[in-house]
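**Q** I have a structure here, written as structure tokens, and I will follow up with some questions on it.
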Amino acid sequence: VLLHKRKPLSIYPFLRTYGTNCVNEDNHRGSTKCPTGIKYTVPRRSEQKIVSASDACELVRSGDTVAVSGFVTQGSPEAVLQCLGERFDADGTPRDLTLIFGGGPGDYGSRGLSHLAKEKILDDGTQVCMLKRTIGGHYGQVPKVADLALQNKIEAWTLPMGSISRMIRAQSTHSPGHITNIGLGTYCDPDDLGGAANEAAKNSLLHSQLVTKVEINGQTSLVYK
């Protein structure tokens with residue numbers, strides 16, 4: 001899985017967090033002496049950021065925020081998503097994930113984000129869901145995720161796809177958010193629904209923070225965070 005060709009960004013925190021003090025015999029940062037047990041190495045050269053799908057899957061923990069690329073099934077990290085779904089089937093983790101996506105990475109069926117639209121009853125009888133909330137541009141291609149949203153089993157927002165892309169970019173540059181007039185006066189406006197697609201989202205603590213208004217030079221804009 002090719003993660004990035006440039007310098008590590010905050011949307012890939014594991015490139016900085018994992019293996020910081022672990023150097024193997026090839027002078028690579030990696031798992032040779034790392035307590036995480038993750039079996040991959042990242043060269044000191046920043047040009048190469050390649051790990052296996054299974055190792056990438058291991059890096060995702062319960063409660064994490066996961067941003068997924070792809071438009072329909074093109075550019076979607078199918079192997080990683082499938083691996084995550086299989087891991088949840090096995091032990092119920094990772095769960096309570098926040099999912100951010102733009103162009104509906106899926107095939108209108110079982111592929112793509114549908115791998116993450118899962119529920120499970122643990123041995124102690126507790127029912128858990130792999131997803132806690134979703135922030136997306138298109139849900140039509142990922143009907144299993146849409147079903148969870150329609151049943152209010154997860155918090156769900158629908159925001160402009162371009163704004164979602166720029167939200168991710170803003171996070172990677174440690175900016176306060178993406179500022180634009182796109183969405184003013186529409187359902188994305190916090191004076192209306194603020195992009196909330198169901199009651200669970202409207203009642204979420206995140207709802208009042210996700211899309212806000214700001215005045216700059218006498219003009220009103222939205223801030224997508």
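Chain labels run A, B, ... following the order of the structure tokens; each chain numbers its residues from 1, and ligands are numbered from 1 in the order shown.
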Name all residues at most 9 Å from A:Ala197 (count only C-alpha atoms; drop same-chain ones fewer than 6 positions away) and give them as an MDAnalysis selection string.

**A** chainID A and resid 149:150 155:158

**Q** Going by DSSP on the backbone, which bits of stretch 133-197 of chain A are alpha helix (DSSP H)? Write them as an MDAnalysis selection string, please.

**A** chainID A and resid 143:150 161:172

**Q** Go ahead and write the residues just picked, C-alpha atoms, as a JSON list (two decimals), in the first residue's frame.

**A**
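And here is the file that came out, result-v3.json:
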[["chain", "number", "residue", "atom", "x", "y", "z"],
["A", 143, "PRO", "CA", -25.23, 1.10, 1.13],
["A", 144, "LYS", "CA", -24.22, -0.89, 4.21],
["A", 145, "VAL", "CA", -22.80, 2.26, 5.80],
["A", 146, "ALA", "CA", -25.91, 4.17, 4.72],
["A", 147, "ASP", "CA", -28.13, 1.56, 6.39],
["A", 148, "LEU", "CA", -26.35, 2.08, 9.72],
["A", 149, "ALA", "CA", -26.89, 5.83, 9.35],
["A", 150, "LEU", "CA", -30.58, 5.44, 8.47],
["A", 161, "MET", "CA", -16.89, 16.32, -1.33],
["A", 162, "GLY", "CA", -14.48, 19.13, -2.18],
["A", 163, "SER", "CA", -14.77, 20.57, 1.31],
["A", 164, "ILE", "CA", -14.05, 17.16, 2.83],
["A", 165, "SER", "CA", -10.85, 16.93, 0.77],
["A", 166, "ARG", "CA", -9.80, 20.33, 2.02],
["A", 167, "MET", "CA", -10.72, 19.41, 5.60],
["A", 168, "ILE", "CA", -8.18, 16.60, 5.39],
["A", 169, "ARG", "CA", -5.63, 18.96, 3.88],
["A", 170, "ALA", "CA", -6.26, 21.52, 6.63],
["A", 171, "GLN", "CA", -5.67, 18.87, 9.29],
["A", 172, "SER", "CA", -2.41, 17.81, 7.67]]

**Q** Work out how far atom CA of A:Leu113 is from atom CA of A:Pro190, in Å to one decimal.

**A**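 Between atom CA of A:Pro190 and atom CA of A:Leu113 the gap is 27.1 Å.
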
**Q** Measuring between only C-alpha atoms, which one of A:Thr220, A:Ser204, A:Ser62, A:Gln151 shows the shortest distance to A:Ile182?

**A** A:Thr220

**Q** Name the closest residue to A:Gly102 among the candidates A:Ala56, A:Leu159, A:Met130, A:Leu184; distances are taken between atoms, counting only C-alpha atoms.

**A**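 Using only C-alpha atoms, the shortest distance to A:Gly102 belongs to A:Leu159.
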
**Q** Could you pull out the residues in stretch 55-115 of chain A that DSSP calls strand (DSSP E) from the backbone, as a list in words?

**A**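 Selecting the strand (DSSP E) positions of stretch 55-115 of chain A gives Thr65, Val66, Ala67, Val68, Ser69, Gly70, Phe71, Leu97, Thr98, Leu99, Ile100, Phe101, Gly102 and Gly103 of chain A.
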
**Q** Put those residues in a file: N, CA and C atoms, as a PDB file, in the first residue's frame.

**A**
ATOM      1  N   THR A  65      -9.617   7.954  14.091  1.00  0.00           N
ATOM      2  CA  THR A  65     -10.237   8.574  12.925  1.00  0.00           C
ATOM      3  C   THR A  65      -9.511   8.059  11.693  1.00  0.00           C
ATOM      4  N   VAL A  66     -10.265   7.552  10.732  1.00  0.00           N
ATOM      5  CA  VAL A  66      -9.691   6.958   9.531  1.00  0.00           C
ATOM      6  C   VAL A  66     -10.208   7.700   8.300  1.00  0.00           C
ATOM      7  N   ALA A  67      -9.299   8.249   7.505  1.00  0.00           N
ATOM      8  CA  ALA A  67      -9.656   8.912   6.259  1.00  0.00           C
ATOM      9  C   ALA A  67      -9.389   7.948   5.111  1.00  0.00           C
ATOM     10  N   VAL A  68     -10.390   7.742   4.267  1.00  0.00           N
ATOM     11  CA  VAL A  68     -10.277   6.758   3.193  1.00  0.00           C
ATOM     12  C   VAL A  68     -10.408   7.443   1.840  1.00  0.00           C
ATOM     13  N   SER A  69      -9.466   7.151   0.949  1.00  0.00           N
ATOM     14  CA  SER A  69      -9.491   7.720  -0.400  1.00  0.00           C
ATOM     15  C   SER A  69     -10.320   6.842  -1.320  1.00  0.00           C
ATOM     16  N   GLY A  70     -10.424   7.274  -2.560  1.00  0.00           N
ATOM     17  CA  GLY A  70     -11.107   6.468  -3.561  1.00  0.00           C
ATOM     18  C   GLY A  70     -12.411   7.075  -4.030  1.00  0.00           C
ATOM     19  N   PHE A  71     -12.715   6.838  -5.301  1.00  0.00           N
ATOM     20  CA  PHE A  71     -13.990   7.261  -5.884  1.00  0.00           C
ATOM     21  C   PHE A  71     -14.638   6.017  -6.451  1.00  0.00           C
ATOM     22  N   LEU A  97     -14.939   3.705  15.357  1.00  0.00           N
ATOM     23  CA  LEU A  97     -14.098   4.506  14.468  1.00  0.00           C
ATOM     24  C   LEU A  97     -14.872   5.697  13.918  1.00  0.00           C
ATOM     25  N   THR A  98     -14.154   6.805  13.700  1.00  0.00           N
ATOM     26  CA  THR A  98     -14.697   7.938  12.958  1.00  0.00           C
ATOM     27  C   THR A  98     -14.177   7.826  11.539  1.00  0.00           C
ATOM     28  N   LEU A  99     -15.076   7.792  10.567  1.00  0.00           N
ATOM     29  CA  LEU A  99     -14.712   7.551   9.177  1.00  0.00           C
ATOM     30  C   LEU A  99     -14.945   8.804   8.347  1.00  0.00           C
ATOM     31  N   ILE A 100     -13.903   9.229   7.632  1.00  0.00           N
ATOM     32  CA  ILE A 100     -13.993  10.392   6.743  1.00  0.00           C
ATOM     33  C   ILE A 100     -13.726   9.929   5.317  1.00  0.00           C
ATOM     34  N   PHE A 101     -14.627  10.273   4.410  1.00  0.00           N
ATOM     35  CA  PHE A 101     -14.454   9.868   3.014  1.00  0.00           C
ATOM     36  C   PHE A 101     -15.147  10.869   2.112  1.00  0.00           C
ATOM     37  N   GLY A 102     -14.718  10.883   0.861  1.00  0.00           N
ATOM     38  CA  GLY A 102     -15.298  11.823  -0.085  1.00  0.00           C
ATOM     39  C   GLY A 102     -16.230  11.164  -1.078  1.00  0.00           C
ATOM     40  N   GLY A 103     -15.640  10.462  -2.064  1.00  0.00           N
ATOM     41  CA  GLY A 103     -16.406   9.953  -3.198  1.00  0.00           C
ATOM     42  C   GLY A 103     -17.020   8.595  -3.042  1.00  0.00           C
TER      43      GLY A 103
END

**Q** Find the residue from A:His174, A:Ala53, A:Ala117, A:Thr180 that sits nearest to A:Asp89; use only C-alpha atoms when measuring.

**A**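 Closest residue, counting only C-alpha atoms: A:Ala117.
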
**Q** I'd like the contact shell of A:Gly195 - 10 Å cut-off, only C-alpha atoms, skipping same-chain residues fewer than 4 positions apart - returned as a ChimeraX atom specification.

**A** /A:135-136,156-160,183,186-190,201-202,207,210-211

**Q** Pull N, CA, C and O atoms from the residues just selected and write them as a PDB file, in the first residue's frame.

**A**
ATOM      1  N   ILE A 135     -18.331  10.882   8.214  1.00  0.00           N
ATOM      2  CA  ILE A 135     -18.400  12.202   7.583  1.00  0.00           C
ATOM      3  C   ILE A 135     -18.054  11.979   6.124  1.00  0.00           C
ATOM      4  O   ILE A 135     -16.892  11.713   5.791  1.00  0.00           O
ATOM      5  N   GLY A 136     -19.065  12.023   5.250  1.00  0.00           N
ATOM      6  CA  GLY A 136     -18.828  11.641   3.869  1.00  0.00           C
ATOM      7  C   GLY A 136     -19.520  12.521   2.852  1.00  0.00           C
ATOM      8  O   GLY A 136     -20.403  13.318   3.189  1.00  0.00           O
ATOM      9  N   ALA A 156     -23.956  10.405  11.462  1.00  0.00           N
ATOM     10  CA  ALA A 156     -23.604  10.557  10.053  1.00  0.00           C
ATOM     11  C   ALA A 156     -23.822  11.989   9.568  1.00  0.00           C
ATOM     12  O   ALA A 156     -24.850  12.592   9.850  1.00  0.00           O
ATOM     13  N   TRP A 157     -22.830  12.490   8.849  1.00  0.00           N
ATOM     14  CA  TRP A 157     -22.914  13.810   8.219  1.00  0.00           C
ATOM     15  C   TRP A 157     -22.650  13.669   6.731  1.00  0.00           C
ATOM     16  O   TRP A 157     -21.848  12.814   6.311  1.00  0.00           O
ATOM     17  N   THR A 158     -23.298  14.506   5.939  1.00  0.00           N
ATOM     18  CA  THR A 158     -23.038  14.588   4.506  1.00  0.00           C
ATOM     19  C   THR A 158     -22.571  15.999   4.196  1.00  0.00           C
ATOM     20  O   THR A 158     -23.322  16.959   4.373  1.00  0.00           O
ATOM     21  N   LEU A 159     -21.339  16.121   3.747  1.00  0.00           N
ATOM     22  CA  LEU A 159     -20.749  17.425   3.447  1.00  0.00           C
ATOM     23  C   LEU A 159     -20.251  17.432   2.005  1.00  0.00           C
ATOM     24  O   LEU A 159     -20.056  16.374   1.401  1.00  0.00           O
ATOM     25  N   PRO A 160     -20.018  18.615   1.422  1.00  0.00           N
ATOM     26  CA  PRO A 160     -19.514  18.680   0.046  1.00  0.00           C
ATOM     27  C   PRO A 160     -18.186  17.927  -0.089  1.00  0.00           C
ATOM     28  O   PRO A 160     -17.296  18.057   0.752  1.00  0.00           O
ATOM     29  N   GLY A 183     -21.692  26.035   0.762  1.00  0.00           N
ATOM     30  CA  GLY A 183     -22.582  25.466   1.762  1.00  0.00           C
ATOM     31  C   GLY A 183     -23.417  26.485   2.503  1.00  0.00           C
ATOM     32  O   GLY A 183     -24.375  26.121   3.198  1.00  0.00           O
ATOM     33  N   THR A 186     -27.398  26.394   2.685  1.00  0.00           N
ATOM     34  CA  THR A 186     -27.843  25.049   2.332  1.00  0.00           C
ATOM     35  C   THR A 186     -27.974  24.212   3.604  1.00  0.00           C
ATOM     36  O   THR A 186     -27.798  24.716   4.721  1.00  0.00           O
ATOM     37  N   TYR A 187     -28.229  22.929   3.451  1.00  0.00           N
ATOM     38  CA  TYR A 187     -28.337  22.051   4.612  1.00  0.00           C
ATOM     39  C   TYR A 187     -27.020  21.940   5.378  1.00  0.00           C
ATOM     40  O   TYR A 187     -26.996  21.489   6.530  1.00  0.00           O
ATOM     41  N   CYS A 188     -25.902  22.355   4.755  1.00  0.00           N
ATOM     42  CA  CYS A 188     -24.605  22.324   5.436  1.00  0.00           C
ATOM     43  C   CYS A 188     -24.443  23.499   6.398  1.00  0.00           C
ATOM     44  O   CYS A 188     -23.567  23.476   7.263  1.00  0.00           O
ATOM     45  N   ASP A 189     -25.240  24.528   6.210  1.00  0.00           N
ATOM     46  CA  ASP A 189     -25.169  25.710   7.064  1.00  0.00           C
ATOM     47  C   ASP A 189     -25.571  25.327   8.491  1.00  0.00           C
ATOM     48  O   ASP A 189     -26.594  24.670   8.696  1.00  0.00           O
ATOM     49  N   PRO A 190     -24.764  25.703   9.483  1.00  0.00           N
ATOM     50  CA  PRO A 190     -25.118  25.369  10.873  1.00  0.00           C
ATOM     51  C   PRO A 190     -26.431  25.992  11.323  1.00  0.00           C
ATOM     52  O   PRO A 190     -27.020  25.536  12.307  1.00  0.00           O
ATOM     53  N   ALA A 201     -26.506  12.287  14.623  1.00  0.00           N
ATOM     54  CA  ALA A 201     -25.540  13.354  14.367  1.00  0.00           C
ATOM     55  C   ALA A 201     -25.988  14.667  15.005  1.00  0.00           C
ATOM     56  O   ALA A 201     -25.175  15.405  15.581  1.00  0.00           O
ATOM     57  N   LYS A 202     -27.276  14.961  14.908  1.00  0.00           N
ATOM     58  CA  LYS A 202     -27.787  16.207  15.487  1.00  0.00           C
ATOM     59  C   LYS A 202     -27.572  16.247  16.998  1.00  0.00           C
ATOM     60  O   LYS A 202     -27.341  17.316  17.574  1.00  0.00           O
ATOM     61  N   HIS A 207     -21.403  17.836  16.691  1.00  0.00           N
ATOM     62  CA  HIS A 207     -22.209  18.545  15.700  1.00  0.00           C
ATOM     63  C   HIS A 207     -21.984  20.054  15.714  1.00  0.00           C
ATOM     64  O   HIS A 207     -21.910  20.687  14.662  1.00  0.00           O
ATOM     65  N   LEU A 210     -18.294  20.756  14.041  1.00  0.00           N
ATOM     66  CA  LEU A 210     -17.857  20.282  12.725  1.00  0.00           C
ATOM     67  C   LEU A 210     -17.923  21.375  11.662  1.00  0.00           C
ATOM     68  O   LEU A 210     -16.974  21.579  10.897  1.00  0.00           O
ATOM     69  N   VAL A 211     -19.051  22.077  11.590  1.00  0.00           N
ATOM     70  CA  VAL A 211     -19.209  23.184  10.642  1.00  0.00           C
ATOM     71  C   VAL A 211     -19.669  24.409  11.419  1.00  0.00           C
ATOM     72  O   VAL A 211     -20.718  24.383  12.065  1.00  0.00           O
TER      73      VAL A 211
END

**Q** With distances taken over only C-alpha atoms, which of A:Asp64, A:Gly109, A:Gly140, A:Lys153 is nearest to A:Gln127?

**A**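 Comparing A:Asp64, A:Gly109, A:Gly140, A:Lys153 against A:Gln127, the winner is A:Lys153.
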
**Q** If you measure from atom CA of A:Asp107 to atom CA of A:Ala196, what distance in Å do you get, rounded to one decimal?

**A**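 Taking atom CA of A:Asp107 and atom CA of A:Ala196, their separation equals 23.9 Å.
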